[in-house]
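The file query_34.txt contains compact mmCIF, C-alpha atoms:
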# COMPACT_ATOMS: atom_id res chain seq x y z
CA MET A 1 0.00 0.00 0.00
CA ALA A 2 2.74 2.45 0.95
CA ASP A 3 4.54 1.95 -2.37
CA LYS A 4 1.36 2.59 -4.35
CA MET A 5 0.46 5.65 -2.28
CA ARG A 6 3.96 7.12 -2.66
CA THR A 7 3.38 7.22 -6.40
CA THR A 8 -0.07 8.82 -6.36
CA LEU A 9 0.78 11.34 -3.63
CA GLY A 10 4.23 12.18 -4.94
CA GLN A 11 5.47 12.08 -1.36
CA PRO A 12 7.83 9.78 0.54
CA ILE A 13 6.06 7.59 3.11
CA ILE A 14 8.00 6.56 6.20
CA ILE A 15 6.60 3.57 8.07
CA GLU A 16 7.17 3.83 11.82
CA PRO A 17 6.07 0.76 13.82
CA LYS A 18 4.45 1.62 17.15
CA PRO A 19 3.27 -1.69 18.61
CA GLY A 20 1.81 -2.14 22.06
CA ALA A 21 -1.14 -1.23 24.28
CA GLY A 22 -3.69 -2.70 21.89
CA GLY A 23 -2.83 -0.21 19.18
CA ASN A 24 -3.23 2.79 21.48
CA LEU A 25 0.36 4.03 21.11
CA ALA A 26 0.07 4.41 17.35
CA MET A 27 -3.45 5.83 17.48
CA GLU A 28 -2.59 8.33 20.21
CA ALA A 29 0.47 9.56 18.29
CA THR A 30 -1.74 10.18 15.26
CA ALA A 31 -4.55 11.77 17.26
CA LYS A 32 -2.12 14.26 18.81
CA ALA A 33 -0.16 15.02 15.62
CA PRO A 34 -0.61 18.29 13.69
CA ALA A 35 -3.87 18.21 11.71
CA ASP A 36 -2.14 18.48 8.34
CA GLY A 37 -2.61 15.00 6.89
CA TYR A 38 1.05 14.03 7.15
CA THR A 39 0.56 11.48 9.95
CA LEU A 40 -1.51 8.39 9.23
CA VAL A 41 -2.26 5.26 11.23
CA PHE A 42 -3.26 1.88 9.81
CA GLY A 43 -6.22 0.99 11.98
CA THR A 44 -8.31 -2.06 12.82
CA PRO A 45 -11.53 -2.49 14.82
CA ALA A 46 -9.43 -1.32 17.79
CA VAL A 47 -10.29 2.21 16.63
CA ALA A 48 -13.94 1.45 17.37
CA ILE A 49 -13.29 -0.71 20.43
CA ASN A 50 -10.56 0.92 22.51
CA GLY A 51 -12.50 3.99 23.60
CA LYS A 52 -14.89 1.69 25.47
CA LEU A 53 -12.34 -0.94 26.48
CA TYR A 54 -9.74 1.38 28.01
CA LYS A 55 -11.11 3.89 30.50
CA GLN A 56 -8.00 6.06 30.98
CA LEU A 57 -7.14 7.04 27.41
CA SER A 58 -5.84 10.56 26.86
CA TYR A 59 -7.63 10.70 23.50
CA ASP A 60 -10.92 9.52 21.97
CA PRO A 61 -10.26 7.27 18.96
CA LEU A 62 -13.62 7.98 17.35
CA LYS A 63 -13.45 11.76 17.84
CA ASP A 64 -9.73 12.49 17.51
CA LEU A 65 -9.11 10.41 14.39
CA ALA A 66 -10.54 11.05 10.93
CA ALA A 67 -11.39 7.99 8.82
CA LEU A 68 -9.79 8.02 5.37
CA GLY A 69 -11.12 4.71 4.09
CA LEU A 70 -10.70 0.96 4.35
CA ALA A 71 -8.14 -1.07 2.49
CA ALA A 72 -9.80 -4.41 3.19
CA TRP A 73 -12.13 -6.29 5.44
CA GLY A 74 -11.81 -9.84 6.62
CA PRO A 75 -14.69 -11.94 7.93
CA TYR A 76 -13.97 -14.24 10.80
CA ILE A 77 -14.53 -17.97 10.55
CA VAL A 78 -16.11 -19.82 13.46
CA TYR A 79 -13.96 -22.86 14.16
CA ALA A 80 -14.83 -25.84 16.33
CA SER A 81 -12.56 -28.52 17.69
CA GLY A 82 -12.75 -31.77 15.76
CA THR A 83 -13.59 -33.44 19.07
CA LEU A 84 -16.82 -31.46 19.45
CA PRO A 85 -19.90 -33.47 18.30
CA VAL A 86 -21.29 -30.75 16.02
CA ASN A 87 -20.97 -30.17 12.30
CA SER A 88 -22.94 -26.97 11.77
CA MET A 89 -23.64 -23.68 13.51
CA ALA A 90 -27.23 -24.77 14.21
CA GLU A 91 -25.94 -27.93 15.89
CA LEU A 92 -23.44 -25.91 17.91
CA ILE A 93 -26.11 -23.52 19.18
CA LYS A 94 -28.37 -26.42 20.18
CA TYR A 95 -25.47 -28.25 21.85
CA ALA A 96 -24.26 -25.17 23.74
CA LYS A 97 -27.75 -24.34 25.01
CA ALA A 98 -28.03 -27.87 26.38
CA LYS A 99 -24.72 -27.42 28.22
CA PRO A 100 -24.74 -23.82 29.55
CA GLY A 101 -21.32 -22.75 30.78
CA GLU A 102 -19.61 -25.99 29.78
CA LEU A 103 -18.14 -24.85 26.47
CA ASN A 104 -15.31 -22.36 26.03
CA TYR A 105 -13.93 -20.21 23.25
CA ALA A 106 -10.39 -18.97 22.68
CA SER A 107 -9.25 -15.59 21.41
CA VAL A 108 -5.93 -13.91 20.67
CA GLY A 109 -6.32 -11.63 23.68
CA VAL A 110 -8.79 -9.77 25.86
CA GLY A 111 -10.44 -7.00 23.86
CA SER A 112 -9.20 -8.31 20.52
CA GLY A 113 -11.53 -8.46 17.54
CA THR A 114 -11.70 -12.25 17.82
CA HIS A 115 -12.67 -11.96 21.49
CA LEU A 116 -15.39 -9.37 20.99
CA ALA A 117 -16.78 -11.07 17.89
CA ALA A 118 -17.29 -14.16 20.04
CA VAL A 119 -18.90 -12.05 22.77
CA LEU A 120 -21.33 -10.54 20.25
CA PHE A 121 -22.14 -14.04 19.03
CA THR A 122 -22.84 -15.48 22.48
CA LEU A 123 -25.03 -12.48 23.33
CA ALA A 124 -26.97 -12.69 20.06
CA ALA A 125 -27.42 -16.47 20.28
CA GLY A 126 -28.18 -16.48 24.02
CA LEU A 127 -25.29 -18.77 24.93
CA GLN A 128 -23.14 -19.08 28.04
CA MET A 129 -19.49 -19.85 27.29
CA THR A 130 -16.17 -19.24 29.01
CA HIS A 131 -13.54 -17.03 27.40
CA VAL A 132 -9.96 -18.37 27.32
CA PRO A 133 -7.47 -15.70 26.13
CA TYR A 134 -4.22 -16.70 24.42
CA LYS A 135 -1.23 -14.77 23.10
CA GLY A 136 -1.77 -15.87 19.52
CA ILE A 137 -3.41 -18.33 17.15
CA GLN A 138 -0.27 -20.49 17.20
CA GLN A 139 -1.00 -21.35 20.83
CA ILE A 140 -4.73 -21.86 20.24
CA ALA A 141 -4.42 -24.40 17.41
CA PRO A 142 -2.89 -27.34 19.33
CA ASP A 143 -5.35 -26.94 22.20
CA MET A 144 -8.25 -26.96 19.75
CA VAL A 145 -6.90 -30.11 18.15
CA ALA A 146 -6.62 -31.69 21.60
CA GLY A 147 -10.15 -30.60 22.52
CA SER A 148 -9.32 -28.52 25.59
CA VAL A 149 -10.57 -25.49 23.63
CA HIS A 150 -13.90 -25.83 21.86
CA LEU A 151 -14.29 -22.76 19.63
CA THR A 152 -12.52 -19.75 18.24
CA PHE A 153 -13.16 -16.91 15.80
CA ASN A 154 -10.28 -16.22 13.42
CA ALA A 155 -9.27 -15.69 9.81
CA TYR A 156 -9.05 -18.65 7.44
CA GLY A 157 -5.33 -18.81 6.68
CA PRO A 158 -3.80 -19.61 10.09
CA LEU A 159 -5.97 -22.70 10.65
CA ALA A 160 -6.36 -23.94 7.07
CA GLN A 161 -4.00 -26.91 7.50
CA PHE A 162 -5.96 -28.17 10.51
CA VAL A 163 -9.26 -27.82 8.65
CA GLN A 164 -7.88 -29.72 5.67
CA SER A 165 -6.75 -32.56 7.93
CA GLY A 166 -10.13 -32.69 9.69
CA ARG A 167 -8.76 -31.87 13.12
CA ILE A 168 -10.63 -28.56 13.27
CA LYS A 169 -14.03 -27.80 11.69
CA MET A 170 -15.34 -24.64 10.05
CA LEU A 171 -18.93 -23.96 11.05
CA ALA A 172 -19.76 -20.52 9.64
CA THR A 173 -18.51 -17.10 8.64
CA SER A 174 -19.23 -13.95 10.60
CA ALA A 175 -19.82 -11.91 7.44
CA SER A 176 -23.29 -10.72 6.45
CA HIS A 177 -23.11 -12.80 3.28
CA ARG A 178 -21.20 -15.85 2.06
CA ILE A 179 -17.67 -15.13 0.93
CA ALA A 180 -16.44 -15.93 -2.57
CA SER A 181 -13.40 -17.92 -1.42
CA LEU A 182 -15.57 -20.25 0.73
CA PRO A 183 -18.94 -20.33 -1.06
CA ASP A 184 -20.23 -23.44 0.74
CA LEU A 185 -19.63 -22.01 4.20
CA PRO A 186 -22.87 -20.53 5.60
CA THR A 187 -23.08 -17.30 7.54
CA ILE A 188 -23.96 -17.12 11.22
CA ALA A 189 -26.95 -15.01 10.19
CA GLU A 190 -28.42 -17.81 8.06
CA SER A 191 -27.62 -20.43 10.72
CA GLY A 192 -29.95 -19.30 13.48
CA VAL A 193 -28.77 -15.80 14.45
CA PRO A 194 -30.53 -13.42 12.01
CA GLY A 195 -28.78 -10.13 11.29
CA PHE A 196 -25.46 -11.14 12.85
CA GLU A 197 -22.27 -9.64 11.43
CA ALA A 198 -18.85 -9.09 13.00
CA THR A 199 -15.84 -8.69 10.76
CA GLY A 200 -12.26 -7.56 11.02
CA TRP A 201 -11.06 -4.69 8.85
CA TYR A 202 -8.00 -2.63 8.01
CA GLY A 203 -8.13 1.06 7.16
CA PHE A 204 -6.34 4.37 7.25
CA PHE A 205 -6.93 7.25 9.66
CA THR A 206 -5.37 10.65 10.20
CA THR A 207 -5.68 13.44 12.73
CA ALA A 208 -9.16 14.91 13.20
CA GLY A 209 -9.40 18.49 12.00
CA THR A 210 -7.29 17.89 8.91
CA PRO A 211 -8.57 20.07 6.02
CA ARG A 212 -11.14 18.41 3.78
CA GLU A 213 -8.98 18.91 0.70
CA ALA A 214 -6.15 16.93 2.28
CA LEU A 215 -8.56 14.20 3.39
CA GLN A 216 -9.91 13.88 -0.13
CA ARG A 217 -6.44 13.63 -1.63
CA LEU A 218 -5.44 10.91 0.83
CA ASN A 219 -8.69 9.04 0.24
CA ALA A 220 -8.16 9.15 -3.53
CA SER A 221 -4.67 7.69 -3.07
CA ILE A 222 -6.00 4.84 -0.90
CA VAL A 223 -8.83 4.05 -3.32
CA ALA A 224 -6.42 4.02 -6.27
CA ALA A 225 -4.04 1.65 -4.47
CA VAL A 226 -6.75 -0.77 -3.31
CA SER A 227 -8.45 -0.78 -6.72
CA GLU A 228 -5.27 -1.67 -8.61
CA ARG A 229 -5.44 -5.26 -9.82
CA GLU A 230 -2.08 -6.32 -8.38
CA MET A 231 -2.94 -4.96 -4.93
CA SER A 232 -6.44 -6.45 -4.98
CA GLU A 233 -5.01 -9.87 -5.78
CA ARG A 234 -2.48 -9.58 -2.95
CA ILE A 235 -5.25 -8.67 -0.53
CA GLU A 236 -7.38 -11.61 -1.67
CA LYS A 237 -4.47 -14.05 -1.27
CA MET A 238 -4.37 -13.06 2.41
CA GLY A 239 -7.98 -14.18 2.78
CA LEU A 240 -9.25 -10.60 2.81
CA VAL A 241 -11.62 -8.64 0.58
CA PRO A 242 -10.60 -5.29 -0.98
CA ARG A 243 -12.98 -2.58 0.18
CA PRO A 244 -12.32 0.93 -1.13
CA GLN A 245 -14.59 3.63 0.31
CA THR A 246 -15.37 7.30 -0.15
CA LEU A 247 -14.65 9.64 2.75
CA ASP A 248 -18.31 9.79 3.74
CA GLU A 249 -18.68 6.01 3.53
CA ALA A 250 -15.62 5.60 5.75
CA SER A 251 -16.97 8.00 8.38
CA ARG A 252 -20.37 6.31 8.50
CA PHE A 253 -18.79 2.86 8.62
CA VAL A 254 -16.51 3.66 11.57
CA ALA A 255 -19.33 5.36 13.50
CA ALA A 256 -21.52 2.27 13.05
CA GLU A 257 -18.65 0.03 14.13
CA GLY A 258 -18.29 2.07 17.32
CA GLU A 259 -21.94 1.47 18.19
CA LYS A 260 -21.77 -2.22 17.34
CA TRP A 261 -18.61 -3.10 19.25
CA ALA A 262 -19.74 -1.08 22.29
CA ARG A 263 -22.37 -3.78 22.90
CA ALA A 264 -19.61 -6.35 23.37
CA VAL A 265 -17.60 -4.33 25.90
CA VAL A 266 -19.36 -4.87 29.22
Take the structure in this file and express it as C-alpha cells.
Amino acid sequence: MADKMRTTLGQPIIIEPKPGAGGNLAMEATAKAPADGYTLVFGTPAVAINGKLYKQLSYDPLKDLAALGLAAWGPYIVYASGTLPVNSMAELIKYAKAKPGELNYASVGVGSGTHLAAVLFTLAAGLQMTHVPYKGIQQIAPDMVAGSVHLTFNAYGPLAQFVQSGRIKMLATSASHRIASLPDLPTIAESGVPGFEATGWYGFFTTAGTPREALQRLNASIVAAVSEREMSERIEKMGLVPRPQTLDEASRFVAAEGEKWARAVV
C-alpha cells in the first residue's frame, strides 16, 4: 500500500512501527499530531473498540481520528474442535444451550476483535461460554486439536491446514453474506442468528481536523491503491476482501462500528 500511495501522492512515506497497548500508542500519536494529513495510522476495529475498552485514554479514537477509508475487510470464521460433536452452527447452538457454561472459546487476547466477535455471538445467540485468552493463534491451534478449547473466531489462513486434515471444523462465517473464497460455508446469520455480522477490517486514519482537501487527496490515493489489480489480488491471497470507500462512507462505517462493538464491551 505504501509503495502505491507514494506514487499517487508524490510524497515519501516513512513507516514507523508503534506496537503495544492494543494499538493505542500508534493511534494516540496520530490523534495528537498536527492536523495536516502528514501522519496516518493503519487501523483495525481497535479504533472502534478501545475507547470503550480502556477507561484512561488521553484521546478519543472515534473523535480524535478522521477515517480516510478501508483497504480491506476480513470476515472471521467460526472454528470448532474436531472433538466437538457438532458439524454446523445450528448444531453448535443447540449443543451449547443444552450445556450452559460448559463450552469455552479462545481468542488472541482480551479486547481483541476475535474476542469481541465471540462475545457478540454469544449475546446474540443467548449462549453461556467461558472465554480463554491466548497470546496468539499459534497457541490456540494445538489446544483446539486436543479438545481442551472448543471454539474460536479467526481468519481462514492460520488454521487452514488443521481444517484440511479434519482436526478442526469450520462452522460458519461472521460476514453478512457468504464469501467468494468459501462459497459453501454458511453465515452465522443464516444459521440461526438473524442479522449477525462481525468482521475484522483494516483502514487508514489521520488526525481529526485535517482540512477536507487533504482528506480527499489521501482518500483518492488509498482508493487508487486498493483498486489496482495487483494490490487487490495480494489482498485476496491473504484471505481478505478489498474494500475501497469514499470519505463519507468511511466516516459512516466507523461510527456504526463504534456502536456495534460497544455492545460487546461490558
Item to complete: Scan for residues within 10 Å of the point (-23.5, -29.0, 10.5) in the coordinates of the file, using only C-alpha atoms, and reply as a PyMOL selection string.
Response: chain A and resi 85-92+169-172+186+191
Write a file of the just-selected residues containing C-alpha atoms, as a PDB file, in the frame of the given file.
ATOM      1  CA  PRO A  85     -19.900 -33.470  18.300  1.00  0.00           C
ATOM      2  CA  VAL A  86     -21.290 -30.750  16.020  1.00  0.00           C
ATOM      3  CA  ASN A  87     -20.970 -30.170  12.300  1.00  0.00           C
ATOM      4  CA  SER A  88     -22.940 -26.970  11.770  1.00  0.00           C
ATOM      5  CA  MET A  89     -23.640 -23.680  13.510  1.00  0.00           C
ATOM      6  CA  ALA A  90     -27.230 -24.770  14.210  1.00  0.00           C
ATOM      7  CA  GLU A  91     -25.940 -27.930  15.890  1.00  0.00           C
ATOM      8  CA  LEU A  92     -23.440 -25.910  17.910  1.00  0.00           C
ATOM      9  CA  LYS A 169     -14.030 -27.800  11.690  1.00  0.00           C
ATOM     10  CA  MET A 170     -15.340 -24.640  10.050  1.00  0.00           C
ATOM     11  CA  LEU A 171     -18.930 -23.960  11.050  1.00  0.00           C
ATOM     12  CA  ALA A 172     -19.760 -20.520   9.640  1.00  0.00           C
ATOM     13  CA  PRO A 186     -22.870 -20.530   5.600  1.00  0.00           C
ATOM     14  CA  SER A 191     -27.620 -20.430  10.720  1.00  0.00           C
TER      15      SER A 191
END
Worksheet item: Near stretch 54-64 of chain A, within 9 Å and counting all atoms listed in the file, which residues show up once chain neighbours fewer than 5 positions away are dropped, as a list in words?
Response: Asn24, Met27, Glu28, Thr30, Ala31, Lys32, Ala46, Val47, Ala48, Ile49, Thr206, Thr207, Ala208, Gly209, Val254, Ala255 and Gly258 of chain A
Worksheet entry | Nearby residues (all atoms listed in the file) at most 12 Å from A:Ala106, same-chain spacing under 5 positions excluded, as a count of residues only | 36
Worksheet item: What is the distance, in Å and to one decimal place, between atom CA of A:Phe162 and atom CA of A:Thr199?
Response: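 Interatomic distance, atom CA of A:Phe162 to atom CA of A:Thr199: 21.8 Å.
Separating atom CA of A:Ala175 from atom CA of A:Glu259 is a distance of 17.3 Å.
Distance-wise, atom CA of A:Leu53 and atom CA of A:Tyr105 end up 19.6 Å apart.
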Discussion item. Taking only C-alpha atoms into account, name the residue in A:Leu70, A:Val241, A:Ile15, A:Leu25 that is nearest to A:Thr44.
Written reply: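 Going through A:Leu70, A:Val241, A:Ile15, A:Leu25 one by one, the smallest distance to A:Thr44 is for A:Leu70.
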Fill in: Contacts of A:Ala124 at 7 Å (all atoms listed in the file; same-chain gap of 3+ positions) as a list in words
Leu120, Phe121 and Val193 of chain A
Worksheet item: Between A:Ala96, A:Val163, A:Ala198, A:Leu218, which is the closest to A:Tyr38 once you count only C-alpha atoms?
Response: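 Among A:Ala96, A:Val163, A:Ala198, A:Leu218, it is A:Leu218 that comes nearest to A:Tyr38.
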Worksheet item: Pick the closest to A:Ser227 from A:Gln128, A:Glu249, A:Met5, A:Ala146: which is it, counting only C-alpha atoms?
Response: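 Going through A:Gln128, A:Glu249, A:Met5, A:Ala146 one by one, the smallest distance to A:Ser227 is for A:Met5.
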Fill in: Pick from A:Gly10, A:Pro17, A:Gly82, A:Gly69, whichever lies nearest to A:Ala29 using all atoms listed in the file
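Closest residue, counting all atoms listed in the file: A:Pro17.
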Discussion item. Need the shell around A:Phe205: protein/DNA/RNA residues with any atom at most 8 Å away, counting only C-alpha atoms. Skip same-chain ones fewer than 2 positions apart. Format as a PyMOL selection string?
Written reply: chain A and resi 40-43+65-69+203+207
Mind giving me the axis-aligned box for stretch 163-179 of chain A with 4 Å on every side, centre plus edges in Å to one decimal, as AutoDock Vina command-line options?
--center_x -15.0 --center_y -21.7 --center_z 7.1 --size_x 24.5 --size_y 30.0 --size_z 20.3
Worksheet item: For A:Arg167, which residue out of A:Thr122, A:Ser251, A:Thr83, A:Gln216 is the nearest one, using only C-alpha atoms?
Response: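 Once distances to A:Arg167 are computed over only C-alpha atoms, the minimum belongs to A:Thr83.
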